[in-house]
Every structure is written in C-alpha cells, then in structure tokens.
Amino acid sequence: KNPLNIIAIIVFDLPFMRKYLLVFLCAVAMCVQAAVNEKPFVVPEIQQWKGAEGTFSLVSSTTVTFNDAALEPVAHYLVQGVSLGTKAQEGKRKPNGIHIQIEKNKKLGAEGYQLKITKDGIVLSAQNKTAALWGVQSILQLAKQSKEIPCGVAIDVPDYQYRGFMIDCGRKYIPLDYLRQLVHVMSYYKMNTLQVHLNDNGFKTYFNDDWNETYAGFRIQSELFPGLTSKDGFYTKDEFRRFIRDAAKEGVEIIPEIDAPAHALAFTHYRPSLSCEKYGADHLDLQNPAVVPFLDSLWSEYLAGPDPVFDCPKVHIGTDEYNNQDSVVVELFRKLTDHLIHTVEGYGKQAVLWGALTHAKGKTPVKSENVIMDMWYNGYADPKVMKEDGFKMVSVPDGYVYIVPEAGYYYNYLNDKMLYERWTPAQIGNQKFEERDPQIMGGMFALWNDVCGNGISVGDLHHRIFPAMQVISQKTWHAVNDTIGYANWDKQRRVLGEGPLSNELGNTEFSTANLLPGQSFAPASEMRQLGYDYQVDFDITWSDEKEGTVLMAGPRAKVYLSDPIGGWIGFSRDGYLFTFRYKGQPGVTEHITIKGTNKNTALYVNDKLVHDLKYGIGYKADKKTYRIVRTLVFPLQQTGDFKSKITQFKARKL
C-alpha cells in the first residue's frame, strides 16, 4: 500500500519500466515547481522575478518600518494605501511586517528597487526615496488584487529614465486640482514626467476665420504682463510653484512649457504689434526687434530670483511648427531657438524643445549638448539627424501616441493593443533604433485640445488619459520581453484602478431612501462622483423650483432640477450648460432616470426616453461640421437647496 514500495518493485523487478519512472518523476518535479509563485502582475511589469513558495498575508496589524527619516512620507503613504491599523515607525524590521530601507546597490540605479517577500514579511530596498516609492506602488497594486502577497524576490529597474505625459492646458483650462489628481495616478504607475503646455490657441476656421475671435489661452499668472493671463482660468504663481514641489514629492517632475514663436496668439492678442502679418497672428514676427526682449522678460518672470515659480530642473521653450517658407526667417527661427536654450540655461534649467530643426533646416547653429528634443514628427525633426547632432531625444511620435479628443484625426483614444505589441520609445515614427539607445531618454504620450469649444470635459479627458497612462507606463518602464500577451495584460490591468488618492474615473456608487436638501457627502478634495457608464434613478414629487435649483453638485459639475436660464432639467460643467427639454410640474410624482456614457447623457421619465443628449453639431468657417460632446460625470458630493421631495435615490455603474 506504500507508493514507494510500488516504485521500488517497478524499478528493481521490471527494468524495462524504468523509462516510465522517469516520466513519473518529471511529473512530480513539475508539481513541486508549480508551487513556486509565478511573477505577480503589476503595471508596469516587474523586470526580474524569482518565485518562492507561499504568501505573505497583509492584515490590519501589519507593521511598517523604515530605516531613514526621508522615507517617512513613503511609509505613511503605504499605511494609508493599504488601510492598515498601524502607524509607520522609524526603526528596525519587525516580524510579520513591511520594512522599507535605503541601501546602497548600484545595480538598482536611480529608480530601481528590490522586494524580498517571505511569509514573515516584505523588505523593500532602494537607493533613494523616489525609488522606494516605486516599490511601494508595486506593493499597493499587489494588495489591490489580493491581501495574500506571493513570496519571491523582485528586482525592478526601468528601461527608460523619462516616462511621461503632456497635457494641453492652453486651449482648454485644466483645473489645478485635476493636475494634482493626475500626478497621483502617474505616480501610482511610476510615470515620472508631466509636461504642462501652458499656452496655445484654437484654429481660426472654428472662429469665423477671424484671428480676433479665435480662442487663445495663457494659463500662468503674469504680474509683468497682467493682461496676458487668461480670464477664464489660470494658475497663480504661488499655487503653481507649490504644485511643482508637491509633485516632486510623488516622484513626478513637472516640465512647464511656454510655446513660441508659433502657437502664440495669446501673446499677439495681448500685444498685437508682435504678430506676423505674413504668416498669421498666431506667429510672432521674428523680424520685429521687440519679440526677443518680450520673451526674455516672460521667462525671467518665472525663472529669476531665489524662489522661482518654475522650481524644477527642466523647462520647455516650445519652438513648434513655425512657418518655413522664407529662408531668412528660418535662420531667425534657429537663432531664436538657440537664444532661448541659452536663456533658460542661464537660470540653471535644462532646456526641452519640440523637434523642428529639419523643417527649419539652415546654417545658424543651435546648441544641442544637454538639450532634450521631443520627437513628434519626423518631417519636422529627422531622428537620425538629431541624434547625429547630439540632441537627447524623447519619443512622442504623433502617429502612435497623440490624443486629440473628437477632432477626427490622430486618436480619440489611443490604440492600446498596437502600442503594447509594437511600440517602445526606440520606435520614433518610421525609424527604429536600438532598444535603450543612450540618446533616447524615454517616451511619452500627449493630449491636445485642438478643437476649442467642443464640449469636452475634464472627465472626458481623463477617460482617455487613464488607459493610455497604463500602456505607456508599461512600454517605457518594461519596454520589451512581454511575458503574458496583450489579452491577459488588458484583462488584469483593469483591476488596478487609479491608486489610493484618486477617483477621477468616478467609481462611487450611492443610494439613499430620502435625499434631502443641503446634504454634504464628502469634501471637495475626495472627488465623489460617478463615471461612465452609469445610471441614476430617483422618485420625485415636484415643487415649484426656482431657476438655478441644484439637485446634486461637486467641484466639476452641477445637476439642475431647474437650470439657471430656462428652468429645464440639465447640467453644467467646464463652462458649458446642457439641458434636457423637460420641466417638472408642481404636485406631480415621477420616476427620473439619467444615464451617462462617454458619448451621451439621456433623460428618462417614468422609464420613457424624453431627451438623449448625443453629440451636438458645430460648424466651421469652411462649412464643415464638428462634434460637440454633451457628457456628464455625475457629481455626488453636495445636494442643492431644492423643495421637491426626492426618494429612492440610487446611483450605480452599469
């Protein structure tokens, strides 16, 4: 009855059966090997993993310790993120706990970390605080999937040092509170660079072919040129300086961008004498001697002094898409580009610029040493030539990684599958370089708000940014050696969420038997809201509501029982007011349903569709149409001062 006796009989009494014993022993070995943990899933994927048996259990009493005072905020973030009932403490490692330590290990580099996970706890080692934070983010992602953390050793070092995203705040005002939320999400996915495009303008074809009517924005407070700053949304110097410093604490470097001499309509609206009559008012006139002093003064305002507004290592000088028809002007463009590089370097900053020097090919030299070039289109800057010239390059090829919401060109949403399977930062347009080429710093994706006034909301932008963030994180940290395939990766990434500090996707669900006026459900900083796809239901016995009566509000949106203009059911967000063609009648009881997706918002009364706000239609000067987005991320933070009786309120995801 003992299996070992049976094996012995087979081996010694039936020699011809020995080959079957080998098969059996191989099967036993495979079973033993199966007990060793496979590489756990995080985004970006862990570079090296050596599995062990068993798991470490995260429980409320799990301790968190650290060996260096600089790690205290990182350790505290971990405690909050996993909702532990303990307090992070400086000191030696404790049994059944997590220990974070700064430790010299040149193999880990500036951003790499090591996790040693045993049944008795986790030891996270890194050479500095930022790298330790990246290790903590991996622990948080593991904990998001299961409180049982698989044992093994992870060594995780990024393939590229520059892992970024650029957001266009010039054509659409992006509230600073959203940029802060964006930093939380970026940090969670080890994305370390956020380029903030601070000025730009729309295309005049959307504004009756009139430059005076065309929208332009400059988003940073200017005391030197006080009329320059946009009235419909801007960042004060103090809050932007704090934002840069706070982001750095989360491992995210902010690169502020002031774009000139093209994309410069905000400057020429402010000072028309600077505009170029030949190429259009969105071009500064490079033959005007006042242009350079103006730009020098502007940069001085944000870079000069002991406490500069742009308190960051790098700044972006723009230099994107200037007209190249006149060879004389091309040389002036190159001269200005070189001048701006030296100007910001004079303030101790590293210069970043858009690739344009193939488009503006000429004889005037442009400094390349220690200068970073965003490689967006090979016709504007040939990557091979720029490499030979000595520029450091960031891969941001428009045909792969440009989002332009509802424009009808580039991507409305990035093609994540294509990027996952085919792109790395070594692919710049149609040119492929060696992986980890030392002159390719990394890659990023970009979101441009080209179509000013098309109704896009911050919630719509985030709905596009978030999945792109995950795939670009993957492809800039762990660029090659995919081990699980896109289908598995895509399925598992959806579980990870935005991290413990953000709810921009709106995963709040809520119900109450009685919804009362003046109720507050969360502070504004928590972003209590319901994102796509969703359904909100409630019963209402109508009273006579005055115009402007709010049902529910949040920092980004208001839902009206009676809108401020016509008294309709409707909503406002991002400076837009959209209304359903329906008004409640005093004394009438009805069941109201509002459904929202990333394409429409619909109102039902007593289960009958009343009005579906699908895409609206706008008209350009050339009579072509464009889409106007009428969507709503439903706010769930504060009720309004309504008089109607509202019961059985339920907000849920579909």
# chains A, B, ... in the order shown; residues from 1 in each chain; ligands from 1
>>> residues_around(residues="His283 (chain A)", least_positions_apart="5", cutoff="9 Å", atoms="only C-alpha atoms", output="PyMOL selection string")
chain A and resi 260-265+268+274-278+322-323
>>> select_by_dssp(residues="region 417-518 of chain A", states="strand (DSSP E or B)", output="PyMOL selection string")
chain A and resi 427-428+431-432+440-447+507+510-515
>>> write_last_selection(atoms="N, CA, C and O atoms", output="PDB file, in the first residue's frame")
ATOM      1  N   GLN A 427      11.044  53.278 -31.060  1.00  0.00           N
ATOM      2  CA  GLN A 427      10.322  53.471 -32.319  1.00  0.00           C
ATOM      3  C   GLN A 427       9.883  54.931 -32.394  1.00  0.00           C
ATOM      4  O   GLN A 427       8.944  55.348 -31.715  1.00  0.00           O
ATOM      5  N   ILE A 428      10.563  55.713 -33.224  1.00  0.00           N
ATOM      6  CA  ILE A 428      10.216  57.124 -33.396  1.00  0.00           C
ATOM      7  C   ILE A 428       9.690  57.299 -34.814  1.00  0.00           C
ATOM      8  O   ILE A 428      10.461  57.311 -35.783  1.00  0.00           O
ATOM      9  N   GLN A 431      11.174  55.296 -37.877  1.00  0.00           N
ATOM     10  CA  GLN A 431      12.574  54.948 -37.622  1.00  0.00           C
ATOM     11  C   GLN A 431      12.686  54.133 -36.331  1.00  0.00           C
ATOM     12  O   GLN A 431      12.115  54.507 -35.307  1.00  0.00           O
ATOM     13  N   LYS A 432      13.419  53.036 -36.416  1.00  0.00           N
ATOM     14  CA  LYS A 432      13.608  52.147 -35.280  1.00  0.00           C
ATOM     15  C   LYS A 432      15.066  52.178 -34.850  1.00  0.00           C
ATOM     16  O   LYS A 432      15.966  51.948 -35.663  1.00  0.00           O
ATOM     17  N   ILE A 440      18.183  58.177 -26.445  1.00  0.00           N
ATOM     18  CA  ILE A 440      16.725  58.187 -26.288  1.00  0.00           C
ATOM     19  C   ILE A 440      16.421  58.097 -24.804  1.00  0.00           C
ATOM     20  O   ILE A 440      16.584  57.050 -24.175  1.00  0.00           O
ATOM     21  N   MET A 441      15.999  59.199 -24.236  1.00  0.00           N
ATOM     22  CA  MET A 441      15.766  59.252 -22.792  1.00  0.00           C
ATOM     23  C   MET A 441      14.547  58.454 -22.380  1.00  0.00           C
ATOM     24  O   MET A 441      14.459  57.951 -21.260  1.00  0.00           O
ATOM     25  N   GLY A 442      13.573  58.354 -23.278  1.00  0.00           N
ATOM     26  CA  GLY A 442      12.348  57.637 -22.967  1.00  0.00           C
ATOM     27  C   GLY A 442      11.237  58.061 -23.889  1.00  0.00           C
ATOM     28  O   GLY A 442      11.475  58.490 -25.020  1.00  0.00           O
ATOM     29  N   GLY A 443      10.011  57.950 -23.412  1.00  0.00           N
ATOM     30  CA  GLY A 443       8.864  58.274 -24.251  1.00  0.00           C
ATOM     31  C   GLY A 443       7.744  58.888 -23.456  1.00  0.00           C
ATOM     32  O   GLY A 443       7.726  58.855 -22.222  1.00  0.00           O
ATOM     33  N   MET A 444       6.798  59.451 -24.175  1.00  0.00           N
ATOM     34  CA  MET A 444       5.601  59.985 -23.534  1.00  0.00           C
ATOM     35  C   MET A 444       4.465  60.001 -24.539  1.00  0.00           C
ATOM     36  O   MET A 444       4.659  59.787 -25.739  1.00  0.00           O
ATOM     37  N   PHE A 445       3.263  60.233 -24.034  1.00  0.00           N
ATOM     38  CA  PHE A 445       2.117  60.458 -24.904  1.00  0.00           C
ATOM     39  C   PHE A 445       1.596  61.857 -24.639  1.00  0.00           C
ATOM     40  O   PHE A 445       1.995  62.519 -23.676  1.00  0.00           O
ATOM     41  N   ALA A 446       0.723  62.334 -25.522  1.00  0.00           N
ATOM     42  CA  ALA A 446       0.280  63.722 -25.445  1.00  0.00           C
ATOM     43  C   ALA A 446      -1.213  63.815 -25.708  1.00  0.00           C
ATOM     44  O   ALA A 446      -1.763  63.067 -26.522  1.00  0.00           O
ATOM     45  N   LEU A 447      -1.852  64.745 -25.009  1.00  0.00           N
ATOM     46  CA  LEU A 447      -3.261  65.045 -25.265  1.00  0.00           C
ATOM     47  C   LEU A 447      -3.385  66.513 -25.644  1.00  0.00           C
ATOM     48  O   LEU A 447      -3.017  67.396 -24.876  1.00  0.00           O
ATOM     49  N   ASN A 507     -15.746  55.980  -9.464  1.00  0.00           N
ATOM     50  CA  ASN A 507     -16.195  54.645  -9.065  1.00  0.00           C
ATOM     51  C   ASN A 507     -17.075  54.658  -7.823  1.00  0.00           C
ATOM     52  O   ASN A 507     -17.250  53.638  -7.167  1.00  0.00           O
ATOM     53  N   PHE A 510     -23.890  54.981  -4.842  1.00  0.00           N
ATOM     54  CA  PHE A 510     -24.549  55.604  -3.696  1.00  0.00           C
ATOM     55  C   PHE A 510     -26.049  55.405  -3.787  1.00  0.00           C
ATOM     56  O   PHE A 510     -26.635  55.464  -4.871  1.00  0.00           O
ATOM     57  N   SER A 511     -26.682  55.169  -2.636  1.00  0.00           N
ATOM     58  CA  SER A 511     -28.147  55.088  -2.594  1.00  0.00           C
ATOM     59  C   SER A 511     -28.644  55.577  -1.242  1.00  0.00           C
ATOM     60  O   SER A 511     -27.942  55.481  -0.229  1.00  0.00           O
ATOM     61  N   THR A 512     -29.855  56.125  -1.242  1.00  0.00           N
ATOM     62  CA  THR A 512     -30.484  56.571  -0.008  1.00  0.00           C
ATOM     63  C   THR A 512     -31.996  56.577  -0.193  1.00  0.00           C
ATOM     64  O   THR A 512     -32.492  56.853  -1.295  1.00  0.00           O
ATOM     65  N   ALA A 513     -32.713  56.266   0.880  1.00  0.00           N
ATOM     66  CA  ALA A 513     -34.174  56.251   0.797  1.00  0.00           C
ATOM     67  C   ALA A 513     -34.735  57.656   0.665  1.00  0.00           C
ATOM     68  O   ALA A 513     -35.763  57.867  -0.003  1.00  0.00           O
ATOM     69  N   ASN A 514     -34.058  58.629   1.278  1.00  0.00           N
ATOM     70  CA  ASN A 514     -34.527  60.007   1.220  1.00  0.00           C
ATOM     71  C   ASN A 514     -33.344  60.927   0.950  1.00  0.00           C
ATOM     72  O   ASN A 514     -32.393  60.980   1.746  1.00  0.00           O
ATOM     73  N   LEU A 515     -33.404  61.642  -0.159  1.00  0.00           N
ATOM     74  CA  LEU A 515     -32.371  62.609  -0.485  1.00  0.00           C
ATOM     75  C   LEU A 515     -32.862  63.975  -0.028  1.00  0.00           C
ATOM     76  O   LEU A 515     -33.896  64.463  -0.498  1.00  0.00           O
TER      77      LEU A 515
END
>>> select_by_dssp(residues="region 140-175 of chain A", states="alpha helix (DSSP H)", output="list in words")
Leu140, Gln141, Leu142, Ala143, Lys144 and Gln145 of chain A
>>> write_last_selection(atoms="all heavy atoms", output="compact mmCIF listing (two decimals), in the first residue's frame")
# COMPACT_ATOMS: atom_id res chain seq x y z
N LEU A 140 1.25 48.32 -3.38
CA LEU A 140 -0.16 48.75 -3.39
C LEU A 140 -0.93 48.07 -4.51
O LEU A 140 -2.10 47.68 -4.32
CB LEU A 140 -0.24 50.27 -3.53
CG LEU A 140 0.24 51.09 -2.34
CD1 LEU A 140 0.15 52.57 -2.65
CD2 LEU A 140 -0.56 50.76 -1.08
N GLN A 141 -0.32 47.92 -5.67
CA GLN A 141 -1.01 47.24 -6.78
C GLN A 141 -1.22 45.76 -6.46
O GLN A 141 -2.26 45.20 -6.80
CB GLN A 141 -0.21 47.41 -8.07
CG GLN A 141 -0.25 48.82 -8.63
CD GLN A 141 0.33 48.91 -10.02
OE1 GLN A 141 0.45 47.91 -10.73
NE2 GLN A 141 0.70 50.12 -10.44
N LEU A 142 -0.25 45.13 -5.83
CA LEU A 142 -0.42 43.73 -5.43
C LEU A 142 -1.55 43.62 -4.41
O LEU A 142 -2.39 42.71 -4.50
CB LEU A 142 0.88 43.18 -4.84
CG LEU A 142 2.05 43.04 -5.82
CD1 LEU A 142 3.33 42.68 -5.07
CD2 LEU A 142 1.75 42.00 -6.89
N ALA A 143 -1.58 44.53 -3.45
CA ALA A 143 -2.61 44.49 -2.42
C ALA A 143 -3.99 44.78 -2.98
O ALA A 143 -5.00 44.31 -2.44
CB ALA A 143 -2.28 45.49 -1.31
N LYS A 144 -4.05 45.56 -4.06
CA LYS A 144 -5.33 45.84 -4.71
C LYS A 144 -5.95 44.56 -5.27
O LYS A 144 -7.19 44.41 -5.30
CB LYS A 144 -5.11 46.84 -5.86
CG LYS A 144 -6.34 47.20 -6.67
CD LYS A 144 -7.26 48.12 -5.90
CE LYS A 144 -8.40 48.61 -6.79
NZ LYS A 144 -9.35 49.47 -6.05
N GLN A 145 -5.10 43.62 -5.66
CA GLN A 145 -5.58 42.36 -6.23
C GLN A 145 -5.85 41.31 -5.18
O GLN A 145 -6.77 40.50 -5.31
CB GLN A 145 -4.54 41.84 -7.24
CG GLN A 145 -4.29 42.79 -8.40
CD GLN A 145 -3.05 42.44 -9.18
OE1 GLN A 145 -3.07 41.52 -10.01
NE2 GLN A 145 -1.95 43.13 -8.95
>>> residues_around(residues="Asp209 (chain A)", least_positions_apart="3", cutoff="9 Å", atoms="only C-alpha atoms", output="PyMOL selection string")
chain A and resi 203-206+213-214+620-622
>>> write_last_selection(atoms="N, CA, C and O atoms", output="CSV table (one decimal), in the first residue's frame")
chain,number,residue,atom,x,y,z
A,203,PHE,N,-7.8,77.0,-33.9
A,203,PHE,CA,-7.7,77.2,-35.3
A,203,PHE,C,-8.7,78.2,-35.7
A,203,PHE,O,-9.9,78.1,-35.4
A,204,LYS,N,-8.4,79.2,-36.5
A,204,LYS,CA,-9.3,80.3,-36.8
A,204,LYS,C,-10.5,79.8,-37.6
A,204,LYS,O,-11.5,80.5,-37.6
A,205,THR,N,-10.4,78.7,-38.3
A,205,THR,CA,-11.5,78.2,-39.1
A,205,THR,C,-12.7,77.8,-38.2
A,205,THR,O,-13.8,77.8,-38.7
A,206,TYR,N,-12.5,77.6,-36.9
A,206,TYR,CA,-13.6,77.3,-36.0
A,206,TYR,C,-14.2,78.6,-35.4
A,206,TYR,O,-15.1,78.6,-34.7
A,213,GLU,N,-11.4,86.7,-33.1
A,213,GLU,CA,-12.3,85.9,-32.4
A,213,GLU,C,-11.7,84.6,-31.9
A,213,GLU,O,-12.3,83.9,-31.0
A,214,THR,N,-10.6,84.2,-32.5
A,214,THR,CA,-10.1,82.8,-32.2
A,214,THR,C,-9.6,82.7,-30.8
A,214,THR,O,-8.9,83.6,-30.2
A,620,LYS,N,-17.7,74.9,-38.8
A,620,LYS,CA,-16.5,75.7,-39.0
A,620,LYS,C,-16.8,76.7,-40.2
A,620,LYS,O,-17.8,76.6,-40.8
A,621,ALA,N,-15.8,77.6,-40.3
A,621,ALA,CA,-16.0,78.6,-41.4
A,621,ALA,C,-16.1,78.0,-42.8
A,621,ALA,O,-16.6,78.6,-43.7
A,622,ASP,N,-15.4,76.8,-43.0
A,622,ASP,CA,-15.5,76.2,-44.3
A,622,ASP,C,-16.7,75.3,-44.5
A,622,ASP,O,-16.8,74.5,-45.4
>>> closest_residue(among="A:Arg528, A:His359, A:Lys349, A:Arg334", to="Asn378 (chain A)", atoms="only C-alpha atoms")
A:His359
>>> closest_atom_pairs(of="region 60-132 of chain A", to="region 495-503 of chain A", cutoff="9 Å", atoms="only C-alpha atoms", output="JSON lines")
{"residue": "A:Tyr77", "atom": "CA", "partner": "A:Pro500", "partner_atom": "CA", "distance": 8.9}
{"residue": "A:Gln80", "atom": "CA", "partner": "A:Pro500", "partner_atom": "CA", "distance": 7.9}
{"residue": "A:Gly81", "atom": "CA", "partner": "A:Pro500", "partner_atom": "CA", "distance": 5.3}
{"residue": "A:Val82", "atom": "CA", "partner": "A:Pro500", "partner_atom": "CA", "distance": 8.3}
>>> residues_around(residues="Thr597 (chain A)", least_positions_apart="5", cutoff="9 Å", atoms="only C-alpha atoms", output="PyMOL selection string")
chain A and resi 531-534+602+631-633
>>> write_last_selection(atoms="C-alpha atoms", output="compact mmCIF listing (two decimals), in the first residue's frame")
# COMPACT_ATOMS: atom_id res chain seq x y z
CA GLY A 531 -18.26 57.88 -14.04
CA TYR A 532 -19.17 56.14 -17.28
CA ASP A 533 -21.24 54.03 -17.81
CA TYR A 534 -23.81 54.79 -15.13
CA ALA A 602 -30.02 60.66 -21.57
CA THR A 631 -21.46 64.16 -21.46
CA LEU A 632 -21.62 64.22 -17.66
CA VAL A 633 -19.60 62.61 -14.92
>>> closest_atom_pairs(of="region 302-362 of chain A", to="region 222-240 of chain A", cutoff="10 Å", atoms="only C-alpha atoms", output="JSON lines")
{"residue": "A:Tyr302", "atom": "CA", "partner": "A:Lys237", "partner_atom": "CA", "distance": 8.2}
{"residue": "A:Pro308", "atom": "CA", "partner": "A:Lys237", "partner_atom": "CA", "distance": 9.1}
{"residue": "A:Val309", "atom": "CA", "partner": "A:Lys237", "partner_atom": "CA", "distance": 5.9}
{"residue": "A:Phe310", "atom": "CA", "partner": "A:Phe240", "partner_atom": "CA", "distance": 7.9}
{"residue": "A:Asp311", "atom": "CA", "partner": "A:Phe240", "partner_atom": "CA", "distance": 9.3}
>>> residues_around(residues="Val550 (chain A)", least_positions_apart="4", cutoff="8 Å", atoms="only C-alpha atoms", output="PyMOL selection string")
chain A and resi 558-563+639-642
>>> write_last_selection(atoms="N, CA, C and O atoms", output="JSON list (two decimals), in the first residue's frame")
[["chain", "number", "residue", "atom", "x", "y", "z"],
["A", 558, "LYS", "N", -22.60, 70.48, -11.88],
["A", 558, "LYS", "CA", -23.87, 70.65, -11.17],
["A", 558, "LYS", "C", -24.97, 70.02, -12.01],
["A", 558, "LYS", "O", -25.00, 70.19, -13.23],
["A", 559, "VAL", "N", -25.87, 69.32, -11.33],
["A", 559, "VAL", "CA", -27.06, 68.77, -11.98],
["A", 559, "VAL", "C", -28.25, 69.57, -11.47],
["A", 559, "VAL", "O", -28.45, 69.71, -10.25],
["A", 560, "TYR", "N", -29.05, 70.11, -12.41],
["A", 560, "TYR", "CA", -30.15, 71.01, -12.05],
["A", 560, "TYR", "C", -31.50, 70.32, -12.16],
["A", 560, "TYR", "O", -31.77, 69.60, -13.13],
["A", 561, "LEU", "N", -32.35, 70.58, -11.17],
["A", 561, "LEU", "CA", -33.78, 70.30, -11.34],
["A", 561, "LEU", "C", -34.42, 71.40, -12.17],
["A", 561, "LEU", "O", -35.42, 71.17, -12.85],
["A", 562, "SER", "N", -33.81, 72.60, -12.10],
["A", 562, "SER", "CA", -34.30, 73.73, -12.88],
["A", 562, "SER", "C", -33.08, 74.58, -13.25],
["A", 562, "SER", "O", -32.48, 75.22, -12.39],
["A", 563, "ASP", "N", -32.69, 74.56, -14.52],
["A", 563, "ASP", "CA", -31.42, 75.20, -14.89],
["A", 563, "ASP", "C", -31.50, 76.72, -14.78],
["A", 563, "ASP", "O", -32.61, 77.28, -14.75],
["A", 639, "THR", "N", -25.88, 68.07, -2.06],
["A", 639, "THR", "CA", -27.21, 68.35, -2.62],
["A", 639, "THR", "C", -27.49, 69.84, -2.59],
["A", 639, "THR", "O", -26.89, 70.59, -1.81],
["A", 640, "GLY", "N", -28.41, 70.26, -3.44],
["A", 640, "GLY", "CA", -28.76, 71.66, -3.52],
["A", 640, "GLY", "C", -29.91, 72.02, -2.59],
["A", 640, "GLY", "O", -30.41, 71.21, -1.81],
["A", 641, "ASP", "N", -30.37, 73.25, -2.72],
["A", 641, "ASP", "CA", -31.44, 73.77, -1.87],
["A", 641, "ASP", "C", -32.79, 73.60, -2.57],
["A", 641, "ASP", "O", -33.49, 74.56, -2.88],
["A", 642, "PHE", "N", -33.16, 72.36, -2.83],
["A", 642, "PHE", "CA", -34.42, 72.09, -3.54],
["A", 642, "PHE", "C", -35.58, 71.95, -2.54],
["A", 642, "PHE", "O", -35.38, 71.67, -1.35]]
>>> closest_residue(among="A:Ile155, A:Val42, A:Val59, A:Leu84", to="Trp489 (chain A)", atoms="only C-alpha atoms")
A:Val42
>>> residues_around(residues="region 397-409 of chain A", least_positions_apart="2", cutoff="7 Å", atoms="only C-alpha atoms", output="ChimeraX atom specification")
/A:375-377,395,411-414,428-429,445-451,627
>>> residues_around(residues="Lys129 (chain A)", least_positions_apart="3", cutoff="7 Å", atoms="only C-alpha atoms", output="ChimeraX atom specification")
/A:70-71,132-133
>>> atom_distance(atom1="CA of Ser83 (chain A)", atom2="CA of Gly164 (chain A)")
29.0 Å
